[in-house]
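Participant: Structure supplied as query08.csv; contents: CSV, C-alpha atoms and all ligand atoms.
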```
chain,number,residue,atom,x,y,z
A,1,MET,CA,117.9,112.2,135.1
A,2,ALA,CA,116.7,114.0,132.1
A,3,GLY,CA,117.4,117.8,132.2
A,4,ARG,CA,115.6,120.4,130.2
A,5,LEU,CA,118.7,121.5,128.5
A,6,ASP,CA,120.2,118.1,127.7
A,7,GLY,CA,122.2,118.1,124.4
A,8,LYS,CA,122.5,122.0,124.4
A,9,THR,CA,125.7,124.0,124.6
A,10,ALA,CA,125.5,127.3,126.6
A,11,LEU,CA,128.1,130.1,126.6
A,12,VAL,CA,128.0,132.3,129.7
A,13,THR,CA,130.3,135.4,129.7
A,14,GLY,CA,131.7,136.8,132.9
A,15,ALA,CA,131.0,133.4,134.6
A,16,ALA,CA,134.1,133.2,136.9
A,17,GLN,CA,132.1,134.6,139.8
A,18,GLY,CA,128.8,136.2,140.9
A,19,ILE,CA,125.6,135.9,138.8
A,20,GLY,CA,127.4,134.5,135.8
A,21,ARG,CA,128.8,131.6,137.8
A,22,ALA,CA,125.4,130.8,139.3
A,23,ILE,CA,123.9,130.9,135.8
A,24,ALA,CA,126.6,128.5,134.5
A,25,ALA,CA,126.0,126.1,137.4
A,26,ARG,CA,122.2,126.1,136.9
A,27,LEU,CA,122.5,125.5,133.1
A,28,ALA,CA,124.9,122.7,133.7
A,29,ALA,CA,122.5,121.2,136.3
A,30,ASP,CA,119.8,121.4,133.6
A,31,GLY,CA,122.0,119.1,131.4
A,32,ALA,CA,123.7,121.7,129.1
A,33,THR,CA,127.4,121.7,128.3
A,34,VAL,CA,128.5,125.0,129.6
A,35,VAL,CA,131.4,127.2,128.4
A,36,ILE,CA,132.5,129.5,131.1
A,37,SER,CA,134.2,132.5,129.7
A,38,ASP,CA,135.8,135.4,131.6
A,39,LEU,CA,138.5,137.9,131.5
A,40,ASN,CA,139.8,136.2,134.7
A,41,ALA,CA,141.2,133.0,133.4
A,42,ALA,CA,142.1,131.5,136.8
A,43,GLY,CA,138.7,132.2,138.2
A,44,GLY,CA,137.0,130.8,135.1
A,45,SER,CA,139.0,127.6,135.4
A,46,ALA,CA,138.2,127.2,139.1
A,47,ALA,CA,134.5,127.7,138.4
A,48,ALA,CA,134.5,125.1,135.6
A,49,LYS,CA,136.3,122.7,137.9
A,50,ASP,CA,133.7,123.2,140.7
A,51,ILE,CA,130.8,122.8,138.3
A,52,GLY,CA,132.1,119.6,137.0
A,53,ALA,CA,132.4,117.4,133.9
A,54,ASN,CA,130.1,119.3,131.6
A,55,ALA,CA,131.7,122.7,132.1
A,56,ILE,CA,134.8,124.0,130.3
A,57,ALA,CA,136.6,127.3,130.8
A,58,ILE,CA,137.8,129.5,127.9
A,59,ALA,CA,139.1,132.9,128.8
A,60,ALA,CA,138.1,135.9,126.7
A,61,ASP,CA,137.6,139.7,126.8
A,62,VAL,CA,134.1,140.4,125.4
A,63,SER,CA,135.2,143.9,124.4
A,64,ASP,CA,138.1,142.6,122.2
A,65,PRO,CA,137.0,141.2,118.8
A,66,SER,CA,140.1,139.1,118.3
A,67,SER,CA,139.7,137.5,121.7
A,68,VAL,CA,136.1,136.7,120.9
A,69,ALA,CA,137.0,135.3,117.5
A,70,ALA,CA,139.5,132.9,119.2
A,71,LEU,CA,136.8,132.0,121.8
A,72,PHE,CA,134.4,130.9,119.1
A,73,LYS,CA,137.1,129.0,117.2
A,74,GLU,CA,137.7,127.0,120.3
A,75,ILE,CA,134.0,126.5,121.0
A,76,ASP,CA,133.6,125.2,117.5
A,77,ALA,CA,136.5,122.8,118.0
A,78,LYS,CA,135.3,121.5,121.4
A,79,THR,CA,131.5,121.5,121.2
A,80,GLY,CA,128.7,121.3,118.6
A,81,GLY,CA,128.3,125.1,118.7
A,82,VAL,CA,126.5,127.5,120.9
A,83,ASP,CA,122.7,127.0,121.3
A,84,ILE,CA,122.3,129.4,124.3
A,85,LEU,CA,124.3,132.6,124.7
A,86,VAL,CA,124.1,134.4,128.1
A,87,ASN,CA,125.5,138.0,127.9
A,88,ASN,CA,126.4,138.5,131.5
A,89,ALA,CA,130.0,140.0,131.5
A,90,SER,CA,130.0,143.6,132.6
A,91,ILE,CA,131.7,146.1,134.8
A,92,VAL,CA,129.5,147.2,137.7
A,93,PRO,CA,130.9,150.6,138.7
A,94,PHE,CA,130.1,152.9,141.7
A,95,ILE,CA,131.1,156.3,140.6
A,96,ALA,CA,129.9,159.8,141.6
A,97,TRP,CA,128.5,161.8,138.7
A,98,ASP,CA,131.2,164.4,139.2
A,99,ASP,CA,133.8,161.8,138.5
A,100,VAL,CA,132.2,160.5,135.3
A,101,ASP,CA,134.5,161.5,132.5
A,102,LEU,CA,134.8,160.4,128.9
A,103,ALA,CA,137.3,157.7,129.6
A,104,HIS,CA,135.0,156.1,132.1
A,105,TRP,CA,132.0,156.5,129.8
A,106,GLN,CA,133.8,154.8,126.9
A,107,LYS,CA,135.1,151.9,129.0
A,108,ILE,CA,131.7,151.1,130.3
A,109,ILE,CA,130.0,151.4,126.9
A,110,ASP,CA,132.8,149.3,125.4
A,111,VAL,CA,132.5,146.3,127.8
A,112,ASN,CA,128.8,146.4,128.8
A,113,LEU,CA,127.2,147.4,125.5
A,114,THR,CA,129.7,146.9,122.7
A,115,GLY,CA,131.0,143.6,124.3
A,116,THR,CA,127.4,142.3,124.2
A,117,PHE,CA,127.2,143.2,120.5
A,118,ILE,CA,130.6,141.6,119.7
A,119,VAL,CA,129.8,138.3,121.4
A,120,THR,CA,126.2,138.2,120.0
A,121,ARG,CA,127.4,138.9,116.5
A,122,ALA,CA,129.7,135.8,116.7
A,123,ALA,CA,127.3,133.6,118.5
A,124,THR,CA,124.3,134.2,116.3
A,125,ASP,CA,126.4,133.8,113.1
A,126,GLN,CA,127.5,130.4,114.5
A,127,MET,CA,123.9,129.5,115.5
A,128,ARG,CA,122.6,130.3,112.0
A,129,ALA,CA,125.5,128.4,110.3
A,130,LYS,CA,124.6,125.3,112.3
A,131,GLY,CA,120.8,125.7,112.0
A,132,LYS,CA,120.3,126.1,115.8
A,133,GLN,CA,117.0,127.2,117.4
A,134,GLY,CA,119.2,129.7,119.3
A,135,ARG,CA,118.6,131.7,122.5
A,136,VAL,CA,120.2,135.0,123.3
A,137,ILE,CA,119.7,136.1,126.9
A,138,SER,CA,121.3,139.4,128.0
A,139,ILE,CA,121.6,140.5,131.6
A,140,SER,CA,120.6,144.2,131.7
A,141,SER,CA,119.7,145.8,135.1
A,142,ASN,CA,116.6,147.4,136.8
A,143,THR,CA,118.8,150.5,137.1
A,144,PHE,CA,117.6,151.3,133.6
A,145,PHE,CA,114.1,151.8,135.0
A,146,ALA,CA,115.1,153.3,138.3
A,147,GLY,CA,117.9,155.7,137.1
A,148,THR,CA,119.9,154.5,140.0
A,149,PRO,CA,122.6,157.0,141.2
A,150,ASN,CA,126.4,156.6,140.9
A,151,MET,CA,126.3,154.6,137.7
A,152,ALA,CA,125.2,156.9,134.8
A,153,ALA,CA,127.3,155.2,132.1
A,154,TYR,CA,126.2,151.8,133.3
A,155,VAL,CA,122.6,152.8,133.3
A,156,ALA,CA,123.0,154.0,129.7
A,157,ALA,CA,124.7,150.9,128.6
A,158,LYS,CA,122.0,148.7,130.2
A,159,GLY,CA,119.3,150.6,128.4
A,160,GLY,CA,121.3,150.0,125.2
A,161,VAL,CA,121.2,146.3,125.9
A,162,ILE,CA,117.4,146.4,126.1
A,163,GLY,CA,117.2,148.3,122.8
A,164,PHE,CA,119.6,145.9,121.1
A,165,THR,CA,117.6,143.0,122.4
A,166,ARG,CA,114.4,144.3,120.8
A,167,ALA,CA,116.1,144.9,117.4
A,168,LEU,CA,117.9,141.5,117.6
A,169,ALA,CA,114.6,139.7,118.2
A,170,THR,CA,113.2,141.4,115.0
A,171,GLU,CA,116.3,140.6,112.9
A,172,LEU,CA,116.6,136.9,114.0
A,173,GLY,CA,113.1,135.7,114.6
A,174,LYS,CA,112.9,134.4,111.0
A,175,HIS,CA,116.0,132.2,111.8
A,176,GLY,CA,114.3,130.7,114.8
A,177,ILE,CA,116.5,132.5,117.3
A,178,THR,CA,115.0,134.4,120.2
A,179,ALA,CA,116.5,137.4,122.1
A,180,ASN,CA,115.4,138.4,125.6
A,181,ALA,CA,116.8,140.5,128.4
A,182,ILE,CA,116.6,140.2,132.2
A,183,THR,CA,116.7,143.2,134.5
A,184,PRO,CA,117.9,142.1,138.0
A,185,GLY,CA,117.6,144.3,141.0
A,186,LEU,CA,120.4,144.6,143.5
A,187,ILE,CA,121.9,141.1,143.9
A,188,GLU,CA,124.4,139.9,146.5
A,189,SER,CA,127.1,138.8,144.0
A,190,ASP,CA,130.8,138.6,144.6
A,191,GLY,CA,131.3,142.0,142.8
A,192,VAL,CA,128.6,143.7,144.8
A,193,LYS,CA,129.8,142.3,148.2
A,194,ALA,CA,133.2,143.9,147.5
A,195,SER,CA,131.8,147.3,146.5
A,196,PRO,CA,129.9,150.2,148.0
A,197,HIS,CA,126.7,148.8,146.4
A,198,ASN,CA,126.7,146.4,149.4
A,199,GLU,CA,125.6,149.3,151.6
A,200,ALA,CA,122.4,149.8,149.5
A,201,PHE,CA,120.5,146.6,150.5
A,202,GLY,CA,118.6,148.3,153.3
A,203,PHE,CA,117.3,151.0,151.0
A,204,VAL,CA,116.6,148.6,148.1
A,205,GLU,CA,114.7,146.1,150.4
A,206,MET,CA,112.5,149.0,151.5
A,207,LEU,CA,111.5,149.5,147.8
A,208,GLN,CA,111.0,145.8,147.1
A,209,ALA,CA,107.5,144.3,147.4
A,210,MET,CA,109.0,141.2,149.1
A,211,PRO,CA,111.7,141.3,151.8
A,212,GLY,CA,115.2,139.7,151.4
A,213,LYS,CA,118.5,140.2,149.6
A,214,GLY,CA,118.5,139.3,145.9
A,215,GLN,CA,120.7,136.3,145.2
A,216,PRO,CA,122.5,135.1,142.1
A,217,ALA,CA,120.3,132.0,142.0
A,218,HIS,CA,117.2,134.2,141.7
A,219,ILE,CA,118.5,135.3,138.3
A,220,ALA,CA,120.0,131.9,137.3
A,221,ASP,CA,116.6,130.2,137.7
A,222,VAL,CA,115.0,132.7,135.3
A,223,VAL,CA,117.8,132.3,132.7
A,224,SER,CA,117.1,128.6,132.9
A,225,PHE,CA,113.4,129.2,132.0
A,226,LEU,CA,114.2,131.6,129.2
A,227,ALA,CA,116.7,129.1,127.8
A,228,SER,CA,114.2,126.2,127.9
A,229,ASP,CA,111.6,125.0,125.4
A,230,ASP,CA,108.9,126.4,127.6
A,231,ALA,CA,110.0,130.0,126.6
A,232,ARG,CA,109.9,129.3,122.8
A,233,TRP,CA,107.2,131.9,122.1
A,234,ILE,CA,108.9,134.7,124.1
A,235,THR,CA,111.1,137.1,122.2
A,236,GLY,CA,112.1,140.8,122.3
A,237,GLN,CA,111.1,140.9,126.0
A,238,THR,CA,112.6,142.3,129.1
A,239,LEU,CA,111.8,140.3,132.2
A,240,ASN,CA,112.3,142.3,135.5
A,241,VAL,CA,113.5,140.1,138.4
A,242,ASP,CA,113.8,142.3,141.5
A,243,ALA,CA,111.3,141.2,144.1
A,244,GLY,CA,108.9,143.9,142.8
A,245,MET,CA,111.2,146.9,143.4
A,246,ILE,CA,110.0,148.2,140.0
A,247,ARG,CA,106.3,147.6,139.2
A,248,HIS,CA,105.3,148.3,135.6
B,301,LIG,P1,130.7,140.5,139.2
B,301,LIG,O1,131.5,141.8,139.2
B,301,LIG,O2,130.6,139.7,140.5
B,301,LIG,O3,131.2,139.5,138.0
B,301,LIG,C1,131.4,140.0,136.7
B,301,LIG,C2,132.3,139.1,136.0
B,301,LIG,O4,132.5,139.6,134.7
B,301,LIG,C3,133.7,139.0,136.6
B,301,LIG,O5,134.1,137.7,136.8
B,301,LIG,C4,134.6,139.8,135.6
B,301,LIG,O6,135.9,139.3,135.5
B,301,LIG,C5,133.8,139.6,134.3
B,301,LIG,N1,134.2,140.6,133.3
B,301,LIG,C6,134.3,141.9,133.5
B,301,LIG,N2,134.7,142.5,132.3
B,301,LIG,C7,134.8,141.5,131.4
B,301,LIG,C8,135.2,141.4,130.1
B,301,LIG,N3,135.6,142.6,129.4
B,301,LIG,N4,135.2,140.3,129.4
B,301,LIG,C9,134.9,139.1,130.1
B,301,LIG,N5,134.5,139.1,131.4
B,301,LIG,C10,134.5,140.3,132.0
B,301,LIG,O7,129.2,141.0,138.6
B,301,LIG,P2,127.7,140.5,139.0
B,301,LIG,O8,127.2,141.3,140.1
B,301,LIG,O9,127.7,139.0,139.1
B,301,LIG,O10,127.0,140.9,137.7
B,301,LIG,C11,126.7,140.1,136.6
B,301,LIG,C12,125.8,140.7,135.6
B,301,LIG,O11,124.6,141.1,136.3
B,301,LIG,C13,126.3,142.0,135.0
B,301,LIG,O12,125.9,142.1,133.7
B,301,LIG,C14,125.7,143.1,135.9
B,301,LIG,O13,125.7,144.3,135.2
B,301,LIG,C15,124.4,142.5,136.1
B,301,LIG,N6,123.6,143.0,137.2
B,301,LIG,C16,124.1,142.9,138.5
B,301,LIG,C17,123.4,143.3,139.6
B,301,LIG,C18,123.9,143.2,141.0
B,301,LIG,O14,123.3,143.9,141.8
B,301,LIG,N7,124.9,142.4,141.2
B,301,LIG,C19,122.1,143.9,139.3
B,301,LIG,C20,121.6,144.0,138.0
B,301,LIG,C21,122.4,143.5,137.0
B,302,LIG,C1,119.0,148.4,142.2
B,302,LIG,O1,122.7,146.6,138.5
B,302,LIG,O2,120.1,147.0,140.0
B,302,LIG,C2,122.7,148.7,142.7
B,302,LIG,C3,124.5,147.8,141.1
B,302,LIG,N1,121.3,148.7,142.8
B,302,LIG,O3,124.4,147.2,139.8
B,302,LIG,C4,123.1,147.0,139.5
B,302,LIG,C5,120.5,148.2,142.0
B,302,LIG,C6,123.1,148.0,141.5
B,302,LIG,C7,120.9,147.6,140.8
B,302,LIG,C8,122.3,147.5,140.6
```
Transcribe the structure of this file into C-alpha cells.

Facilitator:
Amino acid sequence: MAGRLDGKTALVTGAAQGIGRAIAARLAADGATVVISDLNAAGGSAAAKDIGANAIAIAADVSDPSSVAALFKEIDAKTGGVDILVNNASIVPFIAWDDVDLAHWQKIIDVNLTGTFIVTRAATDQMRAKGKQGRVISISSNTFFAGTPNMAAYVAAKGGVIGFTRALATELGKHGITANAITPGLIESDGVKASPHNEAFGFVEMLQAMPGKGQPAHIADVVSFLASDDARWITGQTLNVDAGMIRH
C-alpha cells in the first residue's frame, strides 16, 4: 500500500519510548525509513525491532556534538540522508521551584534546547547538501503557554524551542525546508507514567475542552501530517495539541 512518506528518511530523537516511539511507529507505517535515536541504546534497539524492517536504531546523546556527528555519519552511510527531523528527545523534570539551582537549569537547557540546536544544525546541513525538501518538527510543550508549575527550566527551554523554530523557518525557507513546532498537553507517555506528572491528569482533564487522557498517538498523528506533502505551505508555526486545554 502506498504511504504518504514512501521514500523518505525520518530521524526521531528520544524514540526508545513514549511519544518519540509512537512518532517513529507512525512515520514507519506511513512508509518512511525511520532512524530511532536515543541515549538509551538497548531501548532504541528494542523499539526498532518492534517497529520492523524499515526502522534502524542508532544511539546518540543530542546534547553531545561529537555523538551527534557520529549519528549523522552513520545515517549518511545507511540511508539517503534525513528528509524529516523530529526533535523529540528531552528530559521531563518535576522539580519544586525551591530546588531549581544552576546545575539543574543548565542540564535542562543543554538537552532540551541546545540538543535541539545541535541536531537541527547537523540535519539541515545534510538536507541542504542533498537538496532535500526537508522538514524540521520540534516537540515543544503547552507548558510554555500555561506556565505549568514544577518545571521552570523546562518551560523556558520549550519557549526557546518555539523561538528557534520561528527563526529557523525564516533562515531555511529559501532552501525549501520548513520548520514547525507542536505543543502537546499532558500525555500518558512512559516517562510521565513513572513520574509525579501522572497525578496531574485529573486537574488537566478539567481544563481540557474534551475529556480523556492525552496519548502518544495523538501527537504522532499530527507529526505525520506536518511531515506530509499536505503541510508544504506551513512553516514557522506552533500547533497546539492538547484537547483544547489552551485556547488561543
Ligand atoms: P519520555 O521521558 O517518556 O521519553 C524521552 C526519551 O528521550 C527517553 O527515551 C530518553 O532516554 C530520551 N532522552 C533523554 N535525554 C536524551 C538525550 N540527551 N539524548 C537522546 N535521547 C534522550 O518522554 P515523553 O513524555 O515521551 O516526551 C517526549 C517529548 O514530548 C519531549 O520533548 C517532552 O518534553 C514532550 N512533551 C511531553 C509531554 C508529556 O506530557 N508526556 C507533554 C508535552 C511535551
Ligand atoms: C500540561 O510537557 O504539557 C505536565 C509534563 N502537564 O511535561 C509536559 C502538562 C507536563 C504538560 C507537561

Participant: Just want the 7 Å neighbourhood of A:Ile139, counted on all atoms listed in the file, with same-chain residues fewer than 3 positions away dropped. Output as a list in words.

Facilitator: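 Close residues of A:Ile139: Asn87, Asn88, Ala181, Ile182 and Thr183 of chain A.
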
Participant: How many Å lie between atom CA of A:Gly176 and atom CA of A:Thr13, rounded to one decimal?

Facilitator: 22.4 Å

Participant: Neighbouring residues of ligand LIG 301 (chain B) are defined here as those with any atom at most 7 Å from a ligand atom, counting only C-alpha atoms and all ligand atoms; list them as a PyMOL selection string.

Facilitator: chain A and resi 13-20+37-40+60-63+88-92+111+115+139-142+183-192

Participant: Only C-alpha atoms, please: the residues just picked out, written as a PDB file, in the coordinates of the input.

Facilitator:
```
ATOM      1  CA  THR A  13     130.300 135.400 129.700  1.00  0.00           C
ATOM      2  CA  GLY A  14     131.700 136.800 132.900  1.00  0.00           C
ATOM      3  CA  ALA A  15     131.000 133.400 134.600  1.00  0.00           C
ATOM      4  CA  ALA A  16     134.100 133.200 136.900  1.00  0.00           C
ATOM      5  CA  GLN A  17     132.100 134.600 139.800  1.00  0.00           C
ATOM      6  CA  GLY A  18     128.800 136.200 140.900  1.00  0.00           C
ATOM      7  CA  ILE A  19     125.600 135.900 138.800  1.00  0.00           C
ATOM      8  CA  GLY A  20     127.400 134.500 135.800  1.00  0.00           C
ATOM      9  CA  SER A  37     134.200 132.500 129.700  1.00  0.00           C
ATOM     10  CA  ASP A  38     135.800 135.400 131.600  1.00  0.00           C
ATOM     11  CA  LEU A  39     138.500 137.900 131.500  1.00  0.00           C
ATOM     12  CA  ASN A  40     139.800 136.200 134.700  1.00  0.00           C
ATOM     13  CA  ALA A  60     138.100 135.900 126.700  1.00  0.00           C
ATOM     14  CA  ASP A  61     137.600 139.700 126.800  1.00  0.00           C
ATOM     15  CA  VAL A  62     134.100 140.400 125.400  1.00  0.00           C
ATOM     16  CA  SER A  63     135.200 143.900 124.400  1.00  0.00           C
ATOM     17  CA  ASN A  88     126.400 138.500 131.500  1.00  0.00           C
ATOM     18  CA  ALA A  89     130.000 140.000 131.500  1.00  0.00           C
ATOM     19  CA  SER A  90     130.000 143.600 132.600  1.00  0.00           C
ATOM     20  CA  ILE A  91     131.700 146.100 134.800  1.00  0.00           C
ATOM     21  CA  VAL A  92     129.500 147.200 137.700  1.00  0.00           C
ATOM     22  CA  VAL A 111     132.500 146.300 127.800  1.00  0.00           C
ATOM     23  CA  GLY A 115     131.000 143.600 124.300  1.00  0.00           C
ATOM     24  CA  ILE A 139     121.600 140.500 131.600  1.00  0.00           C
ATOM     25  CA  SER A 140     120.600 144.200 131.700  1.00  0.00           C
ATOM     26  CA  SER A 141     119.700 145.800 135.100  1.00  0.00           C
ATOM     27  CA  ASN A 142     116.600 147.400 136.800  1.00  0.00           C
ATOM     28  CA  THR A 183     116.700 143.200 134.500  1.00  0.00           C
ATOM     29  CA  PRO A 184     117.900 142.100 138.000  1.00  0.00           C
ATOM     30  CA  GLY A 185     117.600 144.300 141.000  1.00  0.00           C
ATOM     31  CA  LEU A 186     120.400 144.600 143.500  1.00  0.00           C
ATOM     32  CA  ILE A 187     121.900 141.100 143.900  1.00  0.00           C
ATOM     33  CA  GLU A 188     124.400 139.900 146.500  1.00  0.00           C
ATOM     34  CA  SER A 189     127.100 138.800 144.000  1.00  0.00           C
ATOM     35  CA  ASP A 190     130.800 138.600 144.600  1.00  0.00           C
ATOM     36  CA  GLY A 191     131.300 142.000 142.800  1.00  0.00           C
ATOM     37  CA  VAL A 192     128.600 143.700 144.800  1.00  0.00           C
TER      38      VAL A 192
END
```

Participant: With distances taken over only C-alpha atoms and all ligand atoms, which residue among A:Val35, A:Ala146, A:Ala157, A:Ala59 lies nearest ligand LIG 302 (chain B)?

Facilitator: A:Ala146

Participant: Ranking A:Asp221, A:Glu205, A:Asp230, A:Asp125 by minimum distance to ligand LIG 302 (chain B) and counting only C-alpha atoms and all ligand atoms, which one comes first?

Facilitator: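 The answer is A:Glu205, which sits nearest to ligand LIG 302 (chain B).
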
Participant: If you count all atoms listed in the file, which residues fall within 8 Å of A:Thr178, apart from same-chain ones fewer than 2 positions away, as a list in words?

Facilitator: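 The neighbour list is Gln133, Gly134, Arg135, Val136, Ala169, Leu172, Gly173, Gly176, Asn180, Arg232, Ile234, Thr235 and Gly236 of chain A.
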
Participant: Convert the current residue selection to file output with C-alpha atoms, as a compact mmCIF listing (two decimals), keeping the file's coordinate frame.

Facilitator:
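Generated file (again.txt):
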```
# COMPACT_ATOMS: atom_id res chain seq x y z
CA GLN A 133 117.00 127.20 117.40
CA GLY A 134 119.20 129.70 119.30
CA ARG A 135 118.60 131.70 122.50
CA VAL A 136 120.20 135.00 123.30
CA ALA A 169 114.60 139.70 118.20
CA LEU A 172 116.60 136.90 114.00
CA GLY A 173 113.10 135.70 114.60
CA GLY A 176 114.30 130.70 114.80
CA ASN A 180 115.40 138.40 125.60
CA ARG A 232 109.90 129.30 122.80
CA ILE A 234 108.90 134.70 124.10
CA THR A 235 111.10 137.10 122.20
CA GLY A 236 112.10 140.80 122.30
```

Participant: In Å, with one decimal, what is the gap from atom CA of A:Val204 to atom CA of A:Val241?

Facilitator: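 So the answer is 13.3 Å.
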
Participant: Using only C-alpha atoms, find the one residue out of A:Tyr154, A:Phe225, A:Phe72, A:Trp233 that sits nearest to A:Pro93.

Facilitator: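 Nearest to A:Pro93: A:Tyr154.
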
Participant: Just how far from atom CA of A:Ala194 is atom CA of A:Asn54, in Å to one decimal?

Facilitator: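 For atom CA of A:Asn54 relative to atom CA of A:Ala194, the distance reads 29.5 Å.
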
Participant: Between A:His104, A:His197, A:Lys174, A:His248, which one has atoms that come closest to A:Gly131, using all atoms listed in the file?

Facilitator: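 Of A:His104, A:His197, A:Lys174, A:His248, the one nearest A:Gly131, counting all atoms listed in the file, is A:Lys174.
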
Participant: I'd like to know which of A:Asp101, A:Ala32, A:Ala10, A:Asn150 is closest to A:Pro196, using only C-alpha atoms.

Facilitator: A:Asn150

Participant: Of the candidates A:Ala179, A:Ile95, A:Ala167, A:Ile58, which shows the shortest atom-to-atom distance to ligand LIG 302 (chain B), using only C-alpha atoms and all ligand atoms?

Facilitator: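 Residue with the minimum atom-to-atom distance to ligand LIG 302 (chain B): A:Ile95.
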
Participant: Determine, counting only C-alpha atoms, which protein, DNA and RNA residues have an atom within 12 Å of an atom of A:Lys73; residues of the same chain fewer than 3 positions away are not included. Present the result as a list in words.

Facilitator: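 Using only C-alpha atoms, the neighbours found are Ile58, Ala60, Ser66, Ser67, Val68, Ala69, Ala70, Asp76, Ala77, Lys78, Thr79, Gly80, Gly81, Val82, Ala122, Ala123 and Gln126 of chain A.
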
Participant: Would you pick out the contacts of A:Trp97 at 10 Å or less, using all atoms listed in the file, so that residues sharing its chain but fewer than 6 positions from it are not included, and give the list as a list in words?

Facilitator: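 In the requested form, the answer reads Pro149, Asn150, Met151, Ala152 and Ala153 of chain A.
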